[in-house]
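Here is the structure we will look at.
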Protein chains: 2
Amino acid sequence: MYKATITVKLRPSILDPEGKAIEHALQSLEYTRLSGVRVGKEIELTVDAEDAATAEKLVDEACSKLLANPVMEDYTFELQEL
Amino acid sequence: MYKATITVKLRPSILDPEGKAIEHALQSLEYTRLSGVRVGKEIELTVDAEDAATAEKLVDEACSKLLANPVMEDYTFELQEL
């Protein structure tokens, strides 16, 4: 069993309206020293696999097919044995 | 200048409907070995501060006031000098 921690981020060239909204709210709260906000997703899941290679293959497939939009997003993940 | 990477997760006791929806979609795609999906946010931002202590204080304040909902969510963050 492995725990996978997947990070899905918008590609740097894609506009991030949620990040812009947060940045605007931070400015309104006088946090003018915080900038360049980008928002991504962190997905945690449990993988029932015998070895790390199988777990990696499963998670990579799930990311490319379902969890990330390959046109707009990049993903990375880490596996941790349970 | 520091880069802050903030992870905001729902507390373990809080139901995660987005995670459940993803888990259901994974099962439909025959990824039955992936389970226990939880979805959080990863927020990246740039902090204009002279030292790590000031940056940490600013980011911690922004998290507790704006970025995380203290009733339902936990947050952690890492700082990296730019």
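Just remember, in the structure tokens the first chain shown is A, the second B, etc., residues are 1-based per chain, and ligands are 1-based in the order shown.
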Counting only C-alpha atoms, collect the residues of chain B whose closest atom lies at most 8 Å from chain A, and write them out as a compact mmCIF listing (two decimals) with C-alpha atoms, in the first residue's frame.
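Saved file part-v6.txt follows:
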# COMPACT_ATOMS: atom_id res chain seq x y z
CA THR B 7 -1.14 23.46 1.46
CA ILE B 22 -13.10 11.72 -7.93
CA LEU B 26 -11.80 6.41 -10.67
CA TYR B 31 -9.05 2.13 -11.09
CA ARG B 33 -7.00 0.05 -6.48
CA LEU B 34 -7.07 3.79 -5.85
CA SER B 35 -9.12 4.88 -2.85
CA GLY B 36 -9.38 7.32 0.04
CA VAL B 37 -9.22 10.40 -2.17
CA ARG B 38 -8.96 13.77 -0.40
CA VAL B 39 -8.65 17.04 -2.29
CA GLY B 40 -6.91 20.12 -0.95
CA LYS B 41 -5.46 23.31 -2.35
CA GLU B 42 -1.89 24.24 -3.01
CA ILE B 43 -1.29 27.98 -3.08
CA GLU B 44 2.01 29.44 -4.22
CA LEU B 45 2.92 33.06 -3.68
CA THR B 46 5.88 35.39 -3.48
CA VAL B 47 6.67 37.15 -0.19
CA ASP B 48 8.60 40.41 -0.23
CA ALA B 49 10.32 40.16 3.18
CA LEU B 58 3.07 37.29 7.06
CA ALA B 62 -2.66 35.48 5.57
CA LEU B 66 -7.98 34.54 4.35
CA LEU B 67 -6.55 31.44 2.74
Which of chain B fall in alpha helix (DSSP H), as a list in words: Pro17, Glu18, Gly19, Lys20, Ala21, Ile22, Glu23, His24, Ala25, Leu26, Gln27, Ser28, Ala52, Ala53, Thr54, Ala55, Glu56, Lys57, Leu58, Val59, Asp60, Glu61 and Ala62 of chain B
Atom pair atom CA of A:Cys63 / atom CA of B:Ser13: separation (Å): 25.7 Å
Which of chain A fall in strand (DSSP E or B), as a ChimeraX atom specification: /A:2-10,34-47,73-81
Residue nearest B:Glu50 - candidates B:Leu15, B:Leu10, B:Ala21, B:Leu82, atoms counted: only C-alpha atoms: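 Comparing B:Leu15, B:Leu10, B:Ala21, B:Leu82 against B:Glu50, the winner is B:Leu82.
The spacing separating atom CA of B:Tyr75 from atom CA of B:Arg11 amounts to 9.3 Å.
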